[in-house]
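A.B. asks: Next comes the structure file input_33.txt, holding compact mmCIF, C-alpha atoms (C1' of nucleotides).
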```
# COMPACT_ATOMS: atom_id res chain seq x y z
CA MET A 222 128.66 108.57 108.27
CA LEU A 223 128.69 110.58 105.09
CA LYS A 224 125.88 112.69 106.39
CA ILE A 225 124.64 115.95 104.98
CA SER A 226 124.28 118.70 107.57
CA LYS A 227 120.89 119.97 108.66
CA LYS A 228 121.75 123.33 107.22
CA ALA A 229 122.19 121.75 103.84
CA ASP A 230 118.94 119.90 104.31
CA TYR A 231 117.23 123.17 105.07
CA ALA A 232 118.80 124.76 102.04
CA LEU A 233 117.45 122.02 99.83
CA MET A 234 113.96 122.30 101.31
CA ALA A 235 113.95 126.06 101.02
CA LEU A 236 115.16 126.08 97.44
CA GLN A 237 112.69 123.42 96.48
CA HIS A 238 109.95 125.51 98.02
CA ILE A 239 111.04 128.74 96.40
CA ALA A 240 111.28 127.01 93.07
CA SER A 241 107.85 125.48 93.40
CA VAL A 242 106.34 128.84 94.24
CA GLN A 243 108.13 130.56 91.41
CA PHE A 244 106.77 128.14 88.85
CA GLY A 245 103.53 126.31 88.45
CA ASP A 246 102.07 127.72 91.61
CA VAL A 247 99.10 129.89 92.36
CA THR A 248 101.09 133.07 92.35
CA PRO A 249 104.10 132.61 90.13
CA GLY A 250 106.89 135.12 90.40
CA ARG A 251 106.09 135.95 93.97
CA VAL A 252 108.96 136.34 96.38
CA VAL A 253 109.15 134.03 99.36
CA ASN A 254 110.22 135.20 102.78
CA THR A 255 112.06 133.29 105.46
CA LYS A 256 109.15 133.06 107.84
CA GLU A 257 106.93 131.36 105.31
CA ILE A 258 109.45 128.62 104.70
CA ALA A 259 110.32 128.21 108.35
CA GLU A 260 106.70 127.65 109.27
CA GLU A 261 105.93 125.37 106.40
CA TYR A 262 108.74 122.97 107.22
CA ASN A 263 109.19 123.51 110.96
CA ILE A 264 112.66 124.93 110.56
CA PRO A 265 114.06 127.25 113.27
CA LEU A 266 113.55 130.69 111.80
CA GLU A 267 116.88 132.22 112.60
CA LEU A 268 118.84 129.22 111.48
CA LEU A 269 117.02 129.17 108.19
CA ALA A 270 117.72 132.87 107.86
CA LYS A 271 121.43 132.17 108.07
CA VAL A 272 121.16 129.49 105.46
CA LEU A 273 119.29 131.72 103.05
CA GLN A 274 121.77 134.51 103.56
CA VAL A 275 124.55 132.19 102.54
CA LEU A 276 122.64 130.99 99.51
CA SER A 277 122.16 134.61 98.57
CA LYS A 278 125.84 135.40 98.94
CA THR A 279 126.69 132.39 96.86
CA GLY A 280 124.43 133.65 94.13
CA LEU A 281 121.86 130.87 94.07
CA ILE A 282 119.04 133.17 95.12
CA GLU A 283 118.34 136.88 94.98
CA SER A 284 117.27 138.78 98.03
CA HIS A 285 114.82 141.67 98.21
CA ASN A 286 114.75 143.86 101.26
CA GLY A 287 111.95 145.65 103.00
CA PRO A 288 108.30 144.77 103.46
CA LYS A 289 107.06 142.35 100.85
CA GLY A 290 110.70 141.35 100.50
CA GLY A 291 112.03 137.83 100.30
CA TYR A 292 113.92 135.56 97.98
CA LEU A 293 113.84 134.49 94.38
CA LEU A 294 115.83 131.90 92.49
CA ALA A 295 118.73 133.62 90.81
CA ARG A 296 118.49 131.34 87.80
CA ASN A 297 116.48 128.52 86.39
CA ALA A 298 115.94 125.51 88.61
CA ARG A 299 117.51 123.28 85.97
CA GLU A 300 120.73 125.25 86.25
CA ILE A 301 121.08 124.79 89.98
CA THR A 302 122.68 121.51 90.87
CA ILE A 303 122.49 119.68 94.16
CA ALA A 304 126.26 119.87 94.38
CA GLN A 305 126.13 123.65 94.13
CA ILE A 306 123.57 123.86 96.89
CA ILE A 307 125.40 121.58 99.27
CA GLU A 308 128.76 123.17 98.59
CA SER A 309 127.28 126.61 99.14
CA ILE A 310 126.48 125.62 102.68
CA GLU A 311 129.14 123.12 103.58
CA GLY A 312 132.08 124.21 101.51
CA PRO A 313 133.89 122.06 98.96
CA LEU A 314 132.93 118.41 98.96
CA ALA A 315 135.58 116.48 100.86
CA ILE A 316 135.02 112.91 101.91
CA THR A 317 138.43 112.88 103.55
CA ASP A 318 140.53 115.54 105.18
CA CYS A 319 143.35 115.49 102.69
CA SER A 320 141.05 116.24 99.78
CA HIS A 321 141.84 119.89 99.58
CA GLU A 322 144.97 120.16 101.62
CA LYS A 323 146.45 123.58 101.71
CA ASP A 324 150.10 124.22 102.31
CA GLY A 325 150.82 124.04 105.98
CA GLU A 326 148.24 121.45 106.78
CA PHE A 327 149.59 118.01 106.77
CA CYS A 328 148.18 114.58 107.21
CA MET A 329 150.11 112.28 109.49
CA GLN A 330 149.40 109.41 107.16
CA ARG A 331 150.35 111.24 104.03
CA GLU A 332 153.80 109.76 103.63
CA HIS A 333 152.76 106.19 103.25
CA CYS A 334 149.09 106.74 102.61
CA ASN A 335 147.73 103.98 100.46
CA ILE A 336 144.17 105.11 100.09
CA ARG A 337 144.40 108.72 98.99
CA THR A 338 144.08 108.10 95.28
CA PRO A 339 141.11 105.74 95.43
CA LEU A 340 139.33 107.99 97.88
CA LEU A 341 139.77 110.97 95.63
CA LYS A 342 138.26 108.98 92.80
CA ILE A 343 135.29 108.05 94.93
CA GLN A 344 134.89 111.65 95.90
CA ASP A 345 134.94 112.69 92.29
CA SER A 346 132.28 110.17 91.45
CA ILE A 347 130.05 111.41 94.24
CA TYR A 348 130.57 114.94 93.06
CA GLN A 349 129.54 114.04 89.54
CA LEU A 350 126.48 112.36 90.92
CA LEU A 351 125.44 115.45 92.85
CA ASN A 352 126.34 117.74 90.04
CA ASN A 353 124.26 115.87 87.52
CA MET A 354 121.07 116.28 89.48
CA THR A 355 119.44 119.68 89.52
CA LEU A 356 116.86 121.43 91.60
CA GLY A 357 114.61 121.01 88.62
CA ASP A 358 115.02 117.26 88.78
CA MET A 359 113.98 117.35 92.39
CA MET A 360 110.69 118.92 91.53
CA GLY A 361 107.84 118.35 89.17
CA GLY A 362 109.31 116.81 86.03
CA THR A 363 110.18 113.35 87.20
CA PRO A 364 108.09 111.56 89.76
CA LEU A 365 110.61 112.15 92.49
CA ILE A 366 108.20 113.41 95.03
CA THR A 367 105.31 111.24 95.84
CA ILE A 368 102.42 113.45 96.73
CA GLN A 369 100.76 112.29 99.86
CA SER A 370 97.61 110.61 98.86
CA PRO A 371 95.17 110.00 101.68
CA THR A 372 95.64 106.28 101.21
CA THR A 373 99.39 106.43 101.38
CA GLN A 374 100.69 104.32 104.20
CA GLY A 375 102.67 106.08 106.88
CA VAL A 376 103.42 109.71 107.16
CA GLY A 377 105.76 110.63 104.43
CA ARG A 378 106.81 107.91 102.19
CA MET B 276 130.33 117.86 104.54
CA LEU B 277 129.84 114.27 103.51
CA LYS B 278 133.05 113.34 105.22
CA ILE B 279 134.23 109.86 106.10
CA SER B 280 135.38 109.50 109.69
CA LYS B 281 139.03 109.01 110.58
CA LYS B 282 138.17 105.61 111.94
CA ALA B 283 136.86 104.58 108.57
CA ASP B 284 139.97 106.02 106.97
CA TYR B 285 142.08 103.94 109.31
CA ALA B 286 140.01 100.89 108.53
CA LEU B 287 140.61 101.35 104.83
CA MET B 288 144.34 101.83 105.32
CA ALA B 289 144.62 98.83 107.59
CA LEU B 290 142.67 96.54 105.31
CA GLN B 291 144.62 97.68 102.31
CA HIS B 292 147.80 96.93 104.20
CA ILE B 293 146.66 93.54 105.40
CA ALA B 294 145.55 92.64 101.92
CA SER B 295 148.82 93.72 100.38
CA VAL B 296 150.76 91.63 102.88
CA GLN B 297 148.57 88.64 102.35
CA PHE B 298 149.11 88.65 98.63
CA GLY B 299 152.03 89.45 96.41
CA ASP B 300 154.23 90.41 99.31
CA VAL B 301 157.48 89.11 100.65
CA THR B 302 155.82 86.89 103.17
CA PRO B 303 152.39 85.97 101.92
CA GLY B 304 149.97 84.47 104.37
CA ARG B 305 151.60 86.13 107.33
CA VAL B 306 149.34 87.67 109.95
CA VAL B 307 149.62 91.38 110.60
CA ASN B 308 149.42 92.86 114.06
CA THR B 309 148.07 96.19 115.14
CA LYS B 310 151.38 97.71 116.06
CA GLU B 311 152.86 97.13 112.63
CA ILE B 312 150.03 98.98 110.92
CA ALA B 313 149.95 101.79 113.46
CA GLU B 314 153.62 102.50 112.98
CA GLU B 315 153.55 102.23 109.24
CA TYR B 316 150.80 104.81 108.85
CA ASN B 317 151.21 106.91 111.99
CA ILE B 318 147.87 105.86 113.40
CA PRO B 319 147.32 106.03 117.18
CA LEU B 320 147.80 102.46 118.28
CA GLU B 321 144.85 102.12 120.60
CA LEU B 322 142.44 103.77 118.24
CA LEU B 323 143.50 101.50 115.44
CA ALA B 324 143.06 98.58 117.82
CA LYS B 325 139.44 99.58 118.32
CA VAL B 326 138.90 99.80 114.61
CA LEU B 327 140.38 96.40 113.95
CA GLN B 328 138.32 94.87 116.70
CA VAL B 329 135.20 96.17 115.05
CA LEU B 330 136.28 94.89 111.67
CA SER B 331 136.86 91.53 113.28
CA LYS B 332 133.43 91.49 114.88
CA THR B 333 131.87 92.43 111.57
CA GLY B 334 133.59 89.51 109.97
CA LEU B 335 135.83 91.32 107.53
CA ILE B 336 138.99 90.06 109.18
CA GLU B 337 139.97 87.13 111.37
CA SER B 338 141.86 87.65 114.58
CA HIS B 339 144.50 85.40 116.08
CA ASN B 340 145.43 85.79 119.69
CA GLY B 341 148.69 85.40 121.52
CA PRO B 342 152.26 86.07 120.46
CA LYS B 343 152.70 86.02 116.70
CA GLY B 344 149.02 86.82 116.59
CA GLY B 345 147.35 89.40 114.44
CA TYR B 346 144.81 89.73 111.67
CA LEU B 347 144.01 88.14 108.35
CA LEU B 348 141.43 88.98 105.73
CA ALA B 349 138.39 86.84 106.31
CA ARG B 350 137.77 86.54 102.60
CA ASN B 351 139.18 87.53 99.26
CA ALA B 352 139.93 91.20 98.76
CA ARG B 353 137.64 91.24 95.75
CA GLU B 354 134.75 90.23 97.94
CA ILE B 355 135.17 93.07 100.41
CA THR B 356 133.52 96.24 99.22
CA ILE B 357 134.27 99.77 100.34
CA ALA B 358 130.68 100.09 101.45
CA GLN B 359 131.06 97.09 103.73
CA ILE B 360 134.18 98.55 105.28
CA ILE B 361 132.73 101.98 105.89
CA GLU B 362 129.45 100.61 107.19
CA SER B 363 131.30 98.29 109.54
CA ILE B 364 132.77 101.31 111.24
CA GLU B 365 130.16 104.01 110.83
CA GLY B 366 126.95 102.05 110.67
CA PRO B 367 124.44 102.14 107.84
CA LEU B 368 125.06 104.77 105.22
CA ALA B 369 122.74 107.68 105.87
CA ILE B 370 123.20 111.00 104.16
CA THR B 371 120.24 112.40 106.05
CA ASP B 372 118.78 111.66 109.45
CA CYS B 373 115.51 110.28 108.26
CA SER B 374 117.16 107.59 106.16
CA HIS B 375 116.69 104.80 108.62
CA GLU B 376 114.15 106.21 110.98
CA LYS B 377 113.07 103.84 113.64
CA ASP B 378 109.74 104.06 115.32
CA GLY B 379 109.82 106.69 117.95
CA GLU B 380 112.26 108.95 116.23
CA PHE B 381 110.63 111.67 114.30
CA CYS B 382 111.76 114.39 111.99
CA MET B 383 110.20 117.77 112.53
CA GLN B 384 110.10 118.31 108.80
CA ARG B 385 108.65 114.97 107.98
CA GLU B 386 105.08 116.10 107.47
CA HIS B 387 105.70 118.39 104.57
CA CYS B 388 109.17 117.25 103.65
CA ASN B 389 109.79 117.80 100.00
CA ILE B 390 113.28 116.39 99.68
CA ARG B 391 113.13 113.00 101.31
CA THR B 392 112.57 110.99 98.17
CA PRO B 393 115.28 112.58 96.06
CA LEU B 394 117.74 112.38 98.94
CA LEU B 395 117.07 108.71 99.37
CA LYS B 396 117.75 108.19 95.69
CA ILE B 397 121.02 110.04 95.96
CA GLN B 398 121.92 107.96 98.96
CA ASP B 399 121.17 104.82 97.06
CA SER B 400 123.39 105.92 94.22
CA ILE B 401 126.25 106.63 96.57
CA TYR B 402 125.76 103.26 98.19
CA GLN B 403 125.93 101.51 94.85
CA LEU B 404 129.07 103.42 94.06
CA LEU B 405 130.75 102.32 97.25
CA ASN B 406 129.46 98.81 96.95
CA ASN B 407 130.78 98.37 93.45
CA MET B 408 134.35 99.08 94.45
CA THR B 409 136.24 96.43 96.34
CA LEU B 410 139.35 96.31 98.44
CA GLY B 411 140.90 94.47 95.54
CA ASP B 412 140.19 97.39 93.26
CA MET B 413 141.93 99.70 95.69
CA MET B 414 145.14 97.75 95.45
CA GLY B 415 146.42 96.96 92.01
CA GLY B 416 147.00 99.91 89.75
CA THR B 417 143.87 98.77 88.05
CA PRO B 418 141.25 101.26 86.99
CA LEU B 419 139.48 101.87 90.23
CA ILE B 420 136.10 103.24 89.56
CA THR B 421 134.06 103.08 86.47
CA ILE B 422 132.89 106.62 86.13
CA GLN B 423 129.19 106.78 85.69
CA SER B 424 128.32 107.55 82.14
CA PRO B 425 127.25 111.17 81.85
CA THR B 426 124.07 110.08 80.16
CA THR B 427 122.69 108.43 83.23
CA GLN B 428 120.20 110.87 84.61
CA GLY B 429 121.45 112.05 87.95
CA VAL B 430 119.20 110.13 90.20
CA GLY B 431 118.79 106.46 89.86
CA ARG B 432 120.83 104.57 87.35
C1' DT C 215 154.36 76.88 133.89
C1' DT C 216 155.46 81.22 133.53
C1' DG C 217 155.92 85.40 131.33
C1' DA C 218 155.92 88.23 127.29
C1' DT C 219 152.95 89.18 123.48
C1' DC C 220 148.97 89.55 121.38
C1' DG C 221 143.67 90.89 120.84
C1' DG C 222 139.00 92.14 123.59
C1' DA C 223 136.49 95.34 126.11
C1' DG C 224 135.05 99.10 128.94
C1' DA C 225 135.31 103.66 130.77
C1' DT C 226 136.95 108.12 130.22
C1' DC C 227 138.61 112.59 128.43
C1' DA C 228 139.46 116.30 124.87
C1' DT C 229 138.37 118.45 120.84
C1' DT C 230 135.72 119.77 117.28
C1' DA C 231 131.59 120.35 114.44
C1' DT C 232 127.07 121.14 114.42
C1' DA C 233 122.67 123.08 115.69
C1' DG C 234 120.42 126.60 117.49
C1' DT C 235 119.82 131.34 119.82
C1' DC C 236 120.17 136.32 120.72
C1' DT C 237 120.92 141.04 119.54
C1' DC C 238 121.48 144.85 116.67
C1' DC C 239 121.75 146.94 112.13
C1' DG C 240 120.32 148.79 107.55
C1' DA C 241 117.16 148.67 103.66
C1' DT C 242 112.61 149.52 101.83
C1' DC C 243 107.86 149.84 101.22
C1' DT C 244 103.49 152.01 102.64
C1' DA D 69 107.54 157.33 110.57
C1' DG D 70 107.15 152.78 111.48
C1' DA D 71 106.41 148.06 110.52
C1' DT D 72 108.56 144.50 107.86
C1' DC D 73 111.95 142.49 105.72
C1' DG D 74 117.11 140.67 105.06
C1' DG D 75 122.33 141.10 106.81
C1' DA D 76 125.60 140.16 110.17
C1' DG D 77 128.06 139.10 114.37
C1' DA D 78 128.64 136.99 118.71
C1' DC D 79 127.25 133.49 121.51
C1' DT D 80 125.68 128.95 123.79
C1' DA D 81 124.55 124.08 123.95
C1' DT D 82 124.87 119.61 122.47
C1' DA D 83 126.44 115.83 120.07
C1' DA D 84 129.97 113.33 117.39
C1' DT D 85 134.43 112.33 116.93
C1' DG D 86 139.15 111.36 118.03
C1' DA D 87 142.07 109.74 121.28
C1' DT D 88 143.70 107.70 125.71
C1' DC D 89 143.90 104.64 129.78
C1' DT D 90 143.23 100.44 132.27
C1' DC D 91 142.38 95.78 132.90
C1' DC D 92 141.33 91.21 131.10
C1' DG D 93 141.84 86.66 128.74
C1' DA D 94 144.06 83.90 125.11
C1' DT D 95 148.18 81.84 123.34
C1' DC D 96 152.73 80.65 122.32
C1' DA D 97 157.54 79.72 123.37
C1' DA D 98 161.24 79.29 126.36
```
Rewrite the coordinates I just gave you, this time as structure tokens.

C.D. replies:
Amino acid sequence: MLKISKKADYALMALQHIASVQFGDVTPGRVVNTKEIAEEYNIPLELLAKVLQVLSKTGLIESHNGPKGGYLLARNAREITIAQIIESIEGPLAITDCSHEKDGEFCMQREHCNIRTPLLKIQDSIYQLLNNMTLGDMMGGTPLITIQSPTTQGVGR
Amino acid sequence: MLKISKKADYALMALQHIASVQFGDVTPGRVVNTKEIAEEYNIPLELLAKVLQVLSKTGLIESHNGPKGGYLLARNAREITIAQIIESIEGPLAITDCSHEKDGEFCMQREHCNIRTPLLKIQDSIYQLLNNMTLGDMMGGTPLITIQSPTTQGVGR
DNA sequence: TTGATCGGAGATCATTATAGTCTCCGATCT
DNA sequence: AGATCGGAGACTATAATGATCTCCGATCAA
């Protein structure tokens, strides 16, 4: 149902956290390690580790080894788009299988397929949507995140 | 990876086919049976049958029993949106698990979740996208999707 | 009125994708 | 030297999906 994977969710949480630590926090510039994030958001440590490793390989964050090691954003939060984050984890955005067909693969419906073109256009629109929103947008600037005031109804709205 | 299920794909193909038969075809007004669609697009007959049954229950198409039976669009192709079709098959659009949380379910990250709000906005944008395109748009060679103006700030519109 | 043709519905199986775990390694700081 | 970090691979479990099978009731036409 057009769902984003948990891994991608975790990636978004982690990057948001790293970004918020790196700027406007108590100790700006500090590196963030996996354990800290995992505990803060109740994410399985080893799974989160995998996710961060991928983000590092993709070049969204920088890793630092050894004690006091951890991760840093590789570039400004406004230059990291949601599309980049999701695609780092899940691979190229593809709402349908035939989106990025390689030679050899073949869709049984391809011959008389009547929906390929419109679907590709939808996909492109979704991509633009995700690529126009940045990690920066997700954070402080706009009132995207409603800080939990004590009076706020429910747990996390 | 934000993928649409095969069932939803089949639903789109089938509806497009039914619509194209119902209008501007050789025999307008004719009902279309499952077998015809399955053969035309190489879709497993019984799976397609399931899909069409769901579409019928959802009210997107009308079914007619017996010999010479089959399906008809329940309303004009311009009044059937892609969102309606996909949601008929896959249930409510939810890019993340906590989108439509019922009481009892609970997300481990919910307490300190920092991405819920922006994700819900993205989801809403995608929904609007899918709900603004109709089956009618998918047919004619007409311009399918009005690309969102680049000036619209990522989230929200 | 009977039988072939259609959709309706349920259970079932296979396959794949996802989520999560375990173990070992190498780097680095103190 | 040793504790703390990330890097990497194999591995398991579970859920979602795709697909199949079987039986039923409705309906039309011969």

A.B. asks: Would you mind listing what lies within 12 Å of DT226 (chain C) as a PyMOL selection string, with only C-alpha atoms (C1' of nucleotides) counted and same-chain residues fewer than 2 positions away left out?

C.D. replies: (chain C and resi 224+228) or (chain D and resi 87-90)

A.B. asks: Computed after least-squares fitting of chain B to chain A on all C-alpha atoms in order, what is the RMSD in Å?

C.D. replies: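 C-alpha RMSD after optimal superposition stands at 8.0 Å.
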
A.B. asks: What residues in chain B lie within 6 Å of chain C, counting all atoms listed in the file, written as a PDB file with C-alpha atoms, in the frame of the given file?

C.D. replies:
```pdb
ATOM      1  CA  ASN B 340     145.430  85.790 119.690  1.00  0.00           C
ATOM      2  CA  GLY B 341     148.690  85.400 121.520  1.00  0.00           C
ATOM      3  CA  PRO B 342     152.260  86.070 120.460  1.00  0.00           C
ATOM      4  CA  GLY B 344     149.020  86.820 116.590  1.00  0.00           C
TER       5      GLY B 344
END
```

A.B. asks: Could you please select, counting all atoms listed in the file, the residues of chain D within 12 Å of chain A and state them as a PyMOL selection string?

C.D. replies: chain D and resi 70-77+84-85

A.B. asks: Using only C-alpha atoms (C1' of nucleotides), determine which residues lie at most 8 Å from Ile264 (chain A), disregarding the query and same-chain residues fewer than 3 positions distant; provide the list as a list in words.

C.D. replies: Tyr231, Ile258, Ala259, Glu260, Glu261, Leu268 and Leu269 of chain A; Met383 and Gln384 of chain B

A.B. asks: Go ahead and save the residues from that selection, with C-alpha atoms, as a PDB file, in the frame of the given file.

C.D. replies:
```pdb
ATOM      1  CA  TYR A 231     117.230 123.170 105.070  1.00  0.00           C
ATOM      2  CA  ILE A 258     109.450 128.620 104.700  1.00  0.00           C
ATOM      3  CA  ALA A 259     110.320 128.210 108.350  1.00  0.00           C
ATOM      4  CA  GLU A 260     106.700 127.650 109.270  1.00  0.00           C
ATOM      5  CA  GLU A 261     105.930 125.370 106.400  1.00  0.00           C
ATOM      6  CA  LEU A 268     118.840 129.220 111.480  1.00  0.00           C
ATOM      7  CA  LEU A 269     117.020 129.170 108.190  1.00  0.00           C
TER       8      LEU A 269
ATOM      9  CA  MET B 383     110.200 117.770 112.530  1.00  0.00           C
ATOM     10  CA  GLN B 384     110.100 118.310 108.800  1.00  0.00           C
TER      11      GLN B 384
END
```
